[in-house]
Amino acid sequence: MAFSVSGIPVGRGIAIGRAWVLAPASLDVPRRQIEQAEGHQEVERLYAAVRAVDEEFERMRQDIGKEVAAELRAFLDLQAIVLHDPMLIEATRDRILAEHCNAEWALVQQYELVAEQFDNIDDAYLRERRADVRQIVERILKAMRHPDGSHRIALPSTAASSQGEHADLPWILVAHDIAPADMLLLKQHSFAGFATDTGSPTSHTAILARSLGLPAVVGLQTLHGLIQQGEPVIIDAEAGVVLGSIDAPIRSIYEVRQAEQAVARSRLTRLKHLAAQTLDGEGVRLFANLDLPTDAAQAIEAGCQGVGLFRSEFLYMNRNDPPSEDEQYEAYRNVVIALKGRPVTIRTLDSGADKEVPSVSAHREAPSNPALALRAIRLCLAEPELFITQLRAILRASAHGPIKMLIPLVSGPQEMVAARKLITVAMAQLKARGQAFDAQIPIGAMIEVPAAALAIDGLLPVLDFASLGTNDLIQYTLAIDRADGDVAHLYNPLHPAVLRLVHEVIKTCNRHGKPVSVCGEMAGDPDLTRLLLGFGLREFSMHPAQVLLVKQEVLRSRATECVKQASRILKQGDPSKLSALLSKWNQDRDHISG
Ligand code: PEP
Ligand code: MG
């Protein structure tokens, strides 16, 4: 019988497909029969993974420094002993050779055996060491799966795609959780939709899912355990539900709805060549947010006036070393060339929180509170070589077209001054090399830390422009981890505290003639377009898939009316009453537009 699970929608539309369920249990590995001759190769894979884990421990030992707890060293020593325990590794080798099976399977079988022995030990302390063995086994398995240190996930093969009962349906990814780095890999694979147990609407995983323009629902809690591999499922991202065990009548109802949505989308494309202007003649500029250089084509296709945010940190993911200056230069130059003279805003490395950059995290201890740690511009100032390499790459690309440089997570003028000093150093290096760049490149800051928003007047003298990162601004203002599904219901763009900060920043920038935009997810939400227009915003940057929806709102708005309504809304101090006021206003809009 069909069932549905509710979650949080992060993309639009409906997807009908068959489930590609990512295995949750890290010890859930399939058995593979190998040829006798392959045995030694398989043993070598096992040994190579053990060596990789050994090296990982060695790096950790060096990183923790002398003054750090002896306990941590003791823990690492204990793990190293377990790693080399003949009961685990040598016995796994023997099993591979005797049973002609893959190394992963042999290792897990051996672990089960060892774990059973631990369970029978009387001493509670020793019994608990079972967890150490499991951790080691998981590390070895991970090293075997990703010999190059990347985070790889299992994708459907071409053979799997053409087989099975529902081979006519596209794949829909169902997972407990997907890290942003893994989502990047999924971008290159054609899934029709996504559903995850965890997540919240503005986590980077959700942003990437949305940037694929696909229906997605997150925060489904238990869905992943309920869906079978290959089973037909429907993702309804309009209602925020996922349906499983669907039958033919349900499927045909959703097929009709899908067709209706396709018609509505194609109607919207008529707006592509219209200038974004309100009914009373206020011009608005609509920009695109890009995650990868290859997204540039989509920005052009949507009729964007440029790139308001290029998230450069995604170039640093799924690899052990940072991208070289030349590699980055090429990536940035390709975007600039693709945009044919339209401005491109490149944000410098915004690492940390839910965006793990292995070349940075490998030599740093995991922070106790990643969102508040040494990330983004703080990290770049602490690692000037890493930063200057990127600055040179951006500057070199600026010789090919208009680029603006955007600094993330700025909290005050001193960080901008320090960043500008390093930009000057990078410029001097390029000059010495005889390489061209735009010496007048505009340099701006993301306003996403409440301190920066509250004291925006102090920042303006060191900024050429400002860009409101409402995703983080909401996170830090409301103390809600944007990637944590358990608090996702508290993440509220319409909290009066958030709106007042956003309004104040826009108003102050406008008063001082400093260009200001919003590049957080609020800019791409058509339900907020009129409110932001009423705050005085004239530059919006969003995922290209949202551009025409937002343009439609601009075209049917009257700026003077927006100002009036926005000031009414700003006076409301109660979040739910404020939300009700906005919904009522938006209902009028829906009514007028028919
Ligand atoms: C933001 O914080 O609003 C933003 C645009 O940046 P990111 O989502 O990449 O943190
Ligand atoms: Mg941010």
# chains A, B, ... in the order shown; residues from 1 in each chain; ligands from 1
>>> residues_near_ligand(ligand="ligand 1", cutoff="7 Å", atoms="only C-alpha atoms and all ligand atoms", output="MDAnalysis selection string")
chainID A and resid 202 204 311 448 468:473 519:521
>>> residues_around(residues="Leu46 in chain A", least_positions_apart="3", cutoff="10 Å", atoms="only C-alpha atoms", output="PyMOL selection string")
chain A and resi 40-43+49-52+89+92-93+96+102-104+106-107+140-141+143-144
>>> write_last_selection(atoms="N, CA, C and O atoms", output="compact mmCIF listing (two decimals), in the first residue's frame")
# COMPACT_ATOMS: atom_id res chain seq x y z
N HIS A 40 46.12 -12.00 -4.31
CA HIS A 40 47.22 -11.19 -3.78
C HIS A 40 46.99 -9.69 -4.04
O HIS A 40 47.35 -8.86 -3.22
N GLN A 41 46.32 -9.42 -5.15
CA GLN A 41 45.97 -8.03 -5.46
C GLN A 41 45.02 -7.49 -4.38
O GLN A 41 45.15 -6.37 -3.91
N GLU A 42 44.08 -8.33 -4.00
CA GLU A 42 43.08 -7.95 -3.01
C GLU A 42 43.76 -7.72 -1.65
O GLU A 42 43.44 -6.77 -0.93
N VAL A 43 44.73 -8.60 -1.34
CA VAL A 43 45.47 -8.44 -0.07
C VAL A 43 46.25 -7.12 -0.13
O VAL A 43 46.31 -6.38 0.85
N ALA A 49 45.28 0.14 2.30
CA ALA A 49 44.32 0.88 3.12
C ALA A 49 44.85 0.99 4.56
O ALA A 49 44.72 2.04 5.20
N VAL A 50 45.45 -0.09 5.05
CA VAL A 50 46.01 -0.04 6.42
C VAL A 50 47.12 1.00 6.47
O VAL A 50 47.20 1.80 7.42
N ARG A 51 47.95 1.04 5.42
CA ARG A 51 49.03 2.06 5.40
C ARG A 51 48.44 3.47 5.40
O ARG A 51 48.91 4.36 6.09
N ALA A 52 47.34 3.65 4.62
CA ALA A 52 46.70 4.98 4.56
C ALA A 52 46.19 5.40 5.93
O ALA A 52 46.33 6.55 6.34
N ILE A 89 44.00 -8.00 10.88
CA ILE A 89 44.54 -7.84 9.53
C ILE A 89 45.05 -9.15 8.93
O ILE A 89 44.68 -9.54 7.82
N THR A 92 42.30 -11.42 8.21
CA THR A 92 41.54 -11.00 7.03
C THR A 92 42.27 -11.43 5.76
O THR A 92 41.67 -11.93 4.81
N ARG A 93 43.60 -11.25 5.79
CA ARG A 93 44.39 -11.68 4.62
C ARG A 93 44.16 -13.17 4.35
O ARG A 93 43.89 -13.59 3.22
N ILE A 96 40.80 -13.81 2.79
CA ILE A 96 40.72 -13.43 1.36
C ILE A 96 41.28 -14.57 0.50
O ILE A 96 40.67 -15.00 -0.48
N ASN A 102 36.31 -10.59 -1.70
CA ASN A 102 36.88 -9.24 -1.70
C ASN A 102 37.33 -8.84 -0.29
O ASN A 102 36.82 -9.35 0.72
N ALA A 103 38.28 -7.90 -0.25
CA ALA A 103 38.90 -7.52 1.03
C ALA A 103 37.89 -6.93 2.00
O ALA A 103 37.93 -7.22 3.21
N GLU A 104 36.95 -6.11 1.50
CA GLU A 104 35.97 -5.47 2.38
C GLU A 104 35.15 -6.52 3.12
O GLU A 104 34.95 -6.46 4.32
N ALA A 106 35.84 -9.71 3.59
CA ALA A 106 36.66 -10.51 4.51
C ALA A 106 36.90 -9.74 5.80
O ALA A 106 36.84 -10.30 6.90
N LEU A 107 37.14 -8.44 5.67
CA LEU A 107 37.42 -7.62 6.85
C LEU A 107 36.20 -7.56 7.77
O LEU A 107 36.32 -7.70 9.00
N ILE A 140 39.40 1.65 7.71
CA ILE A 140 40.05 0.86 6.65
C ILE A 140 39.10 0.75 5.45
O ILE A 140 39.51 0.89 4.30
N LEU A 141 37.82 0.52 5.74
CA LEU A 141 36.85 0.39 4.64
C LEU A 141 36.80 1.68 3.82
O LEU A 141 36.77 1.67 2.61
N ALA A 143 39.13 3.93 3.53
CA ALA A 143 40.36 4.07 2.75
C ALA A 143 40.35 3.15 1.54
O ALA A 143 40.91 3.49 0.49
N MET A 144 39.69 2.00 1.65
CA MET A 144 39.62 1.11 0.49
C MET A 144 38.67 1.66 -0.57
O MET A 144 38.90 1.52 -1.75
>>> closest_atom_pairs(of="chain A", to="ligand 2", cutoff="12 Å", atoms="only C-alpha atoms and all ligand atoms", output="Markdown table")
| residue | atom | partner | partner_atom_place_in_ligand_line | distance |
| --- | --- | --- | --- | --- |
| A:Thr202 | CA | ligand 2 | 1 (Mg) | 9.8 |
| A:Ser203 | CA | ligand 2 | 1 (Mg) | 10.1 |
| A:His204 | CA | ligand 2 | 1 (Mg) | 9.4 |
| A:Ile207 | CA | ligand 2 | 1 (Mg) | 11.3 |
| A:Leu309 | CA | ligand 2 | 1 (Mg) | 10.5 |
| A:Phe310 | CA | ligand 2 | 1 (Mg) | 11.7 |
| A:Arg311 | CA | ligand 2 | 1 (Mg) | 9.5 |
| A:Glu313 | CA | ligand 2 | 1 (Mg) | 11.4 |
| A:Arg347 | CA | ligand 2 | 1 (Mg) | 10.1 |
| A:Thr348 | CA | ligand 2 | 1 (Mg) | 11.4 |
| A:Leu349 | CA | ligand 2 | 1 (Mg) | 10.9 |
| A:Asp350 | CA | ligand 2 | 1 (Mg) | 7.6 |
| A:Ser351 | CA | ligand 2 | 1 (Mg) | 9.8 |
| A:Gly352 | CA | ligand 2 | 1 (Mg) | 10.2 |
| A:Ala353 | CA | ligand 2 | 1 (Mg) | 9.7 |
| A:Asp354 | CA | ligand 2 | 1 (Mg) | 10.6 |
| A:Lys355 | CA | ligand 2 | 1 (Mg) | 10.4 |
| A:Ala371 | CA | ligand 2 | 1 (Mg) | 10.2 |
| A:Arg375 | CA | ligand 2 | 1 (Mg) | 10.8 |
| A:Ala376 | CA | ligand 2 | 1 (Mg) | 9.0 |
| A:Ile377 | CA | ligand 2 | 1 (Mg) | 11.3 |
| A:Leu406 | CA | ligand 2 | 1 (Mg) | 11.3 |
| A:Ile407 | CA | ligand 2 | 1 (Mg) | 10.2 |
| A:Pro408 | CA | ligand 2 | 1 (Mg) | 6.7 |
| A:Leu409 | CA | ligand 2 | 1 (Mg) | 6.7 |
| A:Val410 | CA | ligand 2 | 1 (Mg) | 10.1 |
| A:Ala445 | CA | ligand 2 | 1 (Mg) | 10.9 |
| A:Met446 | CA | ligand 2 | 1 (Mg) | 7.4 |
| A:Ile447 | CA | ligand 2 | 1 (Mg) | 8.5 |
| A:Glu448 | CA | ligand 2 | 1 (Mg) | 6.2 |
| A:Val449 | CA | ligand 2 | 1 (Mg) | 8.8 |
| A:Pro450 | CA | ligand 2 | 1 (Mg) | 11.9 |
| A:Ser467 | CA | ligand 2 | 1 (Mg) | 10.2 |
| A:Leu468 | CA | ligand 2 | 1 (Mg) | 8.8 |
| A:Gly469 | CA | ligand 2 | 1 (Mg) | 5.2 |
| A:Thr470 | CA | ligand 2 | 1 (Mg) | 7.3 |
| A:Asn471 | CA | ligand 2 | 1 (Mg) | 5.9 |
| A:Asp472 | CA | ligand 2 | 1 (Mg) | 4.7 |
| A:Leu473 | CA | ligand 2 | 1 (Mg) | 7.5 |
| A:Ile474 | CA | ligand 2 | 1 (Mg) | 9.8 |
| A:Gln475 | CA | ligand 2 | 1 (Mg) | 9.3 |
| A:Tyr476 | CA | ligand 2 | 1 (Mg) | 10.2 |
| A:Arg482 | CA | ligand 2 | 1 (Mg) | 10.3 |
| A:Val518 | CA | ligand 2 | 1 (Mg) | 11.2 |
| A:Cys519 | CA | ligand 2 | 1 (Mg) | 9.0 |
| A:Gly520 | CA | ligand 2 | 1 (Mg) | 7.4 |
| A:Glu521 | CA | ligand 2 | 1 (Mg) | 10.1 |
>>> write_last_selection(atoms="N, CA and C atoms", output="CSV table (one decimal), in the first residue's frame")
chain,number,residue,atom,x,y,z
A,202,THR,N,18.5,25.4,4.2
A,202,THR,CA,19.6,26.2,3.7
A,202,THR,C,20.9,25.6,4.0
A,203,SER,N,21.0,24.3,4.2
A,203,SER,CA,22.3,23.6,4.3
A,203,SER,C,22.9,23.7,2.9
A,204,HIS,N,24.2,23.5,2.8
A,204,HIS,CA,24.8,23.6,1.5
A,204,HIS,C,24.4,22.4,0.7
A,207,ILE,N,21.2,23.6,-0.8
A,207,ILE,CA,21.5,24.6,-1.8
A,207,ILE,C,22.0,24.0,-3.1
A,309,LEU,N,27.2,35.7,-7.1
A,309,LEU,CA,27.9,34.9,-6.2
A,309,LEU,C,28.4,33.6,-6.9
A,310,PHE,N,29.7,33.5,-6.9
A,310,PHE,CA,30.4,32.3,-7.4
A,310,PHE,C,31.0,31.7,-6.2
A,311,ARG,N,30.5,30.5,-5.7
A,311,ARG,CA,31.0,29.9,-4.5
A,311,ARG,C,32.3,29.1,-4.8
A,313,GLU,N,34.6,27.8,-3.1
A,313,GLU,CA,35.1,26.7,-2.3
A,313,GLU,C,34.8,25.4,-2.8
A,347,ARG,N,33.5,34.8,-4.9
A,347,ARG,CA,33.7,34.9,-3.5
A,347,ARG,C,34.9,34.0,-3.2
A,348,THR,N,35.8,34.6,-2.3
A,348,THR,CA,37.0,33.9,-2.0
A,348,THR,C,36.6,32.7,-1.0
A,349,LEU,N,37.5,31.8,-0.9
A,349,LEU,CA,37.3,30.5,-0.2
A,349,LEU,C,36.5,30.7,1.1
A,350,ASP,N,35.3,30.1,1.1
A,350,ASP,CA,34.4,30.1,2.2
A,350,ASP,C,34.3,28.7,2.8
A,351,SER,N,35.4,28.3,3.4
A,351,SER,CA,35.5,26.9,3.9
A,351,SER,C,34.9,26.9,5.3
A,352,GLY,N,34.7,25.6,5.8
A,352,GLY,CA,34.2,25.4,7.1
A,352,GLY,C,32.8,25.2,7.3
A,353,ALA,N,32.3,25.1,8.5
A,353,ALA,CA,30.9,24.7,8.9
A,353,ALA,C,30.6,23.4,8.1
A,354,ASP,N,29.5,23.5,7.3
A,354,ASP,CA,29.2,22.2,6.6
A,354,ASP,C,30.0,22.0,5.3
A,355,LYS,N,30.9,23.0,5.0
A,355,LYS,CA,31.7,22.8,3.7
A,355,LYS,C,33.1,22.4,4.1
A,371,ALA,N,30.8,26.1,13.0
A,371,ALA,CA,30.2,27.3,12.4
A,371,ALA,C,30.9,28.6,13.0
A,375,ARG,N,37.1,29.8,10.1
A,375,ARG,CA,36.7,29.4,8.7
A,375,ARG,C,36.6,30.7,7.8
A,376,ALA,N,36.4,30.5,6.5
A,376,ALA,CA,36.2,31.6,5.6
A,376,ALA,C,37.4,32.6,5.7
A,377,ILE,N,37.1,33.9,5.8
A,377,ILE,CA,38.2,34.9,5.8
A,377,ILE,C,39.1,34.7,6.9
A,406,LEU,N,34.6,39.1,-3.6
A,406,LEU,CA,33.7,39.1,-2.4
A,406,LEU,C,34.3,38.3,-1.3
A,407,ILE,N,34.4,38.9,-0.1
A,407,ILE,CA,35.1,38.3,1.0
A,407,ILE,C,34.0,37.8,2.0
A,408,PRO,N,34.0,36.5,2.3
A,408,PRO,CA,33.0,35.9,3.2
A,408,PRO,C,33.2,36.0,4.7
A,409,LEU,N,32.1,36.0,5.4
A,409,LEU,CA,32.2,36.0,6.9
A,409,LEU,C,32.9,37.1,7.5
A,410,VAL,N,32.8,38.3,6.9
A,410,VAL,CA,33.5,39.5,7.5
A,410,VAL,C,32.7,39.9,8.8
A,445,ALA,N,32.2,42.8,0.7
A,445,ALA,CA,32.1,41.9,1.8
A,445,ALA,C,30.7,41.2,1.9
A,446,MET,N,30.7,39.9,2.2
A,446,MET,CA,29.4,39.3,2.5
A,446,MET,C,29.0,39.8,3.9
A,447,ILE,N,27.7,40.3,4.0
A,447,ILE,CA,27.2,40.7,5.3
A,447,ILE,C,26.4,39.6,5.8
A,448,GLU,N,27.0,38.7,6.6
A,448,GLU,CA,26.3,37.5,7.1
A,448,GLU,C,26.5,37.2,8.5
A,449,VAL,N,27.3,38.1,9.2
A,449,VAL,CA,27.5,38.0,10.6
A,449,VAL,C,26.7,39.2,11.2
A,450,PRO,N,25.9,38.9,12.2
A,450,PRO,CA,25.1,40.0,12.8
A,450,PRO,C,25.9,41.3,13.1
A,467,SER,N,27.2,42.4,0.0
A,467,SER,CA,26.2,41.4,-0.4
A,467,SER,C,25.7,40.7,0.8
A,468,LEU,N,24.4,40.7,1.0
A,468,LEU,CA,23.8,40.1,2.2
A,468,LEU,C,23.7,38.6,2.1
A,469,GLY,N,24.4,37.9,2.9
A,469,GLY,CA,24.3,36.4,2.9
A,469,GLY,C,23.3,36.1,4.0
A,470,THR,N,22.1,36.0,3.5
A,470,THR,CA,21.0,35.8,4.5
A,470,THR,C,21.0,34.4,5.1
A,471,ASN,N,21.6,33.5,4.4
A,471,ASN,CA,21.6,32.1,5.0
A,471,ASN,C,22.3,32.1,6.3
A,472,ASP,N,23.5,32.6,6.3
A,472,ASP,CA,24.3,32.6,7.5
A,472,ASP,C,23.8,33.7,8.5
A,473,LEU,N,23.3,34.8,7.9
A,473,LEU,CA,22.8,35.9,8.8
A,473,LEU,C,21.7,35.3,9.7
A,474,ILE,N,20.8,34.5,9.1
A,474,ILE,CA,19.7,33.9,9.9
A,474,ILE,C,20.3,32.9,10.9
A,475,GLN,N,21.2,32.1,10.4
A,475,GLN,CA,21.8,31.1,11.3
A,475,GLN,C,22.4,31.8,12.6
A,476,TYR,N,23.2,32.8,12.3
A,476,TYR,CA,23.9,33.5,13.5
A,476,TYR,C,23.0,34.4,14.3
A,482,ARG,N,22.2,25.9,10.5
A,482,ARG,CA,21.4,25.8,9.2
A,482,ARG,C,21.5,24.4,8.6
A,518,VAL,N,21.3,41.0,-2.3
A,518,VAL,CA,21.1,39.8,-1.4
A,518,VAL,C,21.5,38.6,-2.2
A,519,CYS,N,22.3,37.7,-1.7
A,519,CYS,CA,22.7,36.5,-2.4
A,519,CYS,C,22.3,35.3,-1.6
A,520,GLY,N,21.7,35.4,-0.5
A,520,GLY,CA,21.2,34.2,0.3
A,520,GLY,C,20.0,33.7,-0.4
A,521,GLU,N,19.5,32.6,0.2
A,521,GLU,CA,18.3,32.0,-0.4
A,521,GLU,C,17.0,32.9,-0.4
>>> select_by_dssp(residues="range 310-490 of chain A", states="strand (DSSP E)", output="list in words")
Phe310, Arg311, Val344, Thr345, Ile346, Arg347, Ile403, Lys404, Met405, Leu406, Ile407, Ile443, Gly444, Ala445, Met446, Ile447, Phe465, Ala466, Ser467 and Leu468 of chain A
>>> write_last_selection(atoms="N, CA, C and O atoms", output="CSV table (one decimal), in the first residue's frame")
chain,number,residue,atom,x,y,z
A,310,PHE,N,29.7,33.5,-6.9
A,310,PHE,CA,30.4,32.3,-7.4
A,310,PHE,C,31.0,31.7,-6.2
A,310,PHE,O,32.0,32.2,-5.6
A,311,ARG,N,30.5,30.5,-5.7
A,311,ARG,CA,31.0,29.9,-4.5
A,311,ARG,C,32.3,29.1,-4.8
A,311,ARG,O,32.3,27.9,-5.1
A,344,VAL,N,31.0,39.3,-12.9
A,344,VAL,CA,31.1,38.1,-12.2
A,344,VAL,C,31.6,38.3,-10.8
A,344,VAL,O,32.8,38.8,-10.7
A,345,THR,N,30.9,38.0,-9.8
A,345,THR,CA,31.3,38.2,-8.4
A,345,THR,C,31.9,36.9,-7.9
A,345,THR,O,31.1,35.9,-7.8
A,346,ILE,N,33.2,36.9,-7.7
A,346,ILE,CA,33.8,35.6,-7.2
A,346,ILE,C,34.0,35.8,-5.7
A,346,ILE,O,34.7,36.7,-5.2
A,347,ARG,N,33.5,34.8,-4.9
A,347,ARG,CA,33.7,34.9,-3.5
A,347,ARG,C,34.9,34.0,-3.2
A,347,ARG,O,35.1,32.9,-3.7
A,403,ILE,N,35.3,41.5,-13.1
A,403,ILE,CA,35.2,40.6,-11.9
A,403,ILE,C,35.1,41.5,-10.7
A,403,ILE,O,35.7,42.5,-10.6
A,404,LYS,N,34.3,41.0,-9.7
A,404,LYS,CA,34.2,41.7,-8.4
A,404,LYS,C,34.7,40.6,-7.4
A,404,LYS,O,34.4,39.4,-7.6
A,405,MET,N,35.4,41.0,-6.4
A,405,MET,CA,35.9,40.1,-5.4
A,405,MET,C,35.1,40.2,-4.1
A,405,MET,O,34.9,41.3,-3.6
A,406,LEU,N,34.6,39.1,-3.6
A,406,LEU,CA,33.7,39.1,-2.4
A,406,LEU,C,34.3,38.3,-1.3
A,406,LEU,O,34.7,37.2,-1.5
A,407,ILE,N,34.4,38.9,-0.1
A,407,ILE,CA,35.1,38.3,1.0
A,407,ILE,C,34.0,37.8,2.0
A,407,ILE,O,33.1,38.5,2.4
A,443,ILE,N,36.0,45.4,-4.5
A,443,ILE,CA,36.2,44.4,-3.4
A,443,ILE,C,35.1,44.7,-2.4
A,443,ILE,O,34.9,45.8,-1.9
A,444,GLY,N,34.3,43.6,-2.1
A,444,GLY,CA,33.1,43.8,-1.2
A,444,GLY,C,33.2,42.7,-0.2
A,444,GLY,O,34.0,41.8,-0.1
A,445,ALA,N,32.2,42.8,0.7
A,445,ALA,CA,32.1,41.9,1.8
A,445,ALA,C,30.7,41.2,1.9
A,445,ALA,O,29.7,41.9,1.5
A,446,MET,N,30.7,39.9,2.2
A,446,MET,CA,29.4,39.3,2.5
A,446,MET,C,29.0,39.8,3.9
A,446,MET,O,29.8,39.8,4.9
A,447,ILE,N,27.7,40.3,4.0
A,447,ILE,CA,27.2,40.7,5.3
A,447,ILE,C,26.4,39.6,5.8
A,447,ILE,O,25.2,39.4,5.3
A,465,PHE,N,31.3,47.3,-2.3
A,465,PHE,CA,29.9,46.9,-2.4
A,465,PHE,C,29.7,45.9,-1.2
A,465,PHE,O,30.6,45.4,-0.6
A,466,ALA,N,28.4,45.6,-1.0
A,466,ALA,CA,28.1,44.7,0.1
A,466,ALA,C,27.1,43.6,-0.5
A,466,ALA,O,26.3,43.9,-1.4
A,467,SER,N,27.2,42.4,0.0
A,467,SER,CA,26.2,41.4,-0.4
A,467,SER,C,25.7,40.7,0.8
A,467,SER,O,26.5,40.1,1.6
A,468,LEU,N,24.4,40.7,1.0
A,468,LEU,CA,23.8,40.1,2.2
A,468,LEU,C,23.7,38.6,2.1
A,468,LEU,O,23.0,38.1,1.2
>>> closest_residue(among="A:Pro156, A:Gly303, A:Gly11, A:Gly230", to="Leu271 in chain A", atoms="only C-alpha atoms")
A:Gly303
>>> select_by_dssp(residues="range 121-303 of chain A", states="alpha helix (DSSP H)", output="MDAnalysis selection string")
chainID A and resid 124:128 130:145 158:162 180:187 204:211 223:226 248:268 296:301
>>> closest_residue(among="A:Ser200, A:Thr158, A:Gln163, A:Ser361", to="Ile178 in chain A", atoms="only C-alpha atoms")
A:Ser200
>>> closest_residue(among="A:Met317, A:Leu339, A:Ile81, A:Leu22", to="Val174 in chain A", atoms="only C-alpha atoms")
A:Leu22
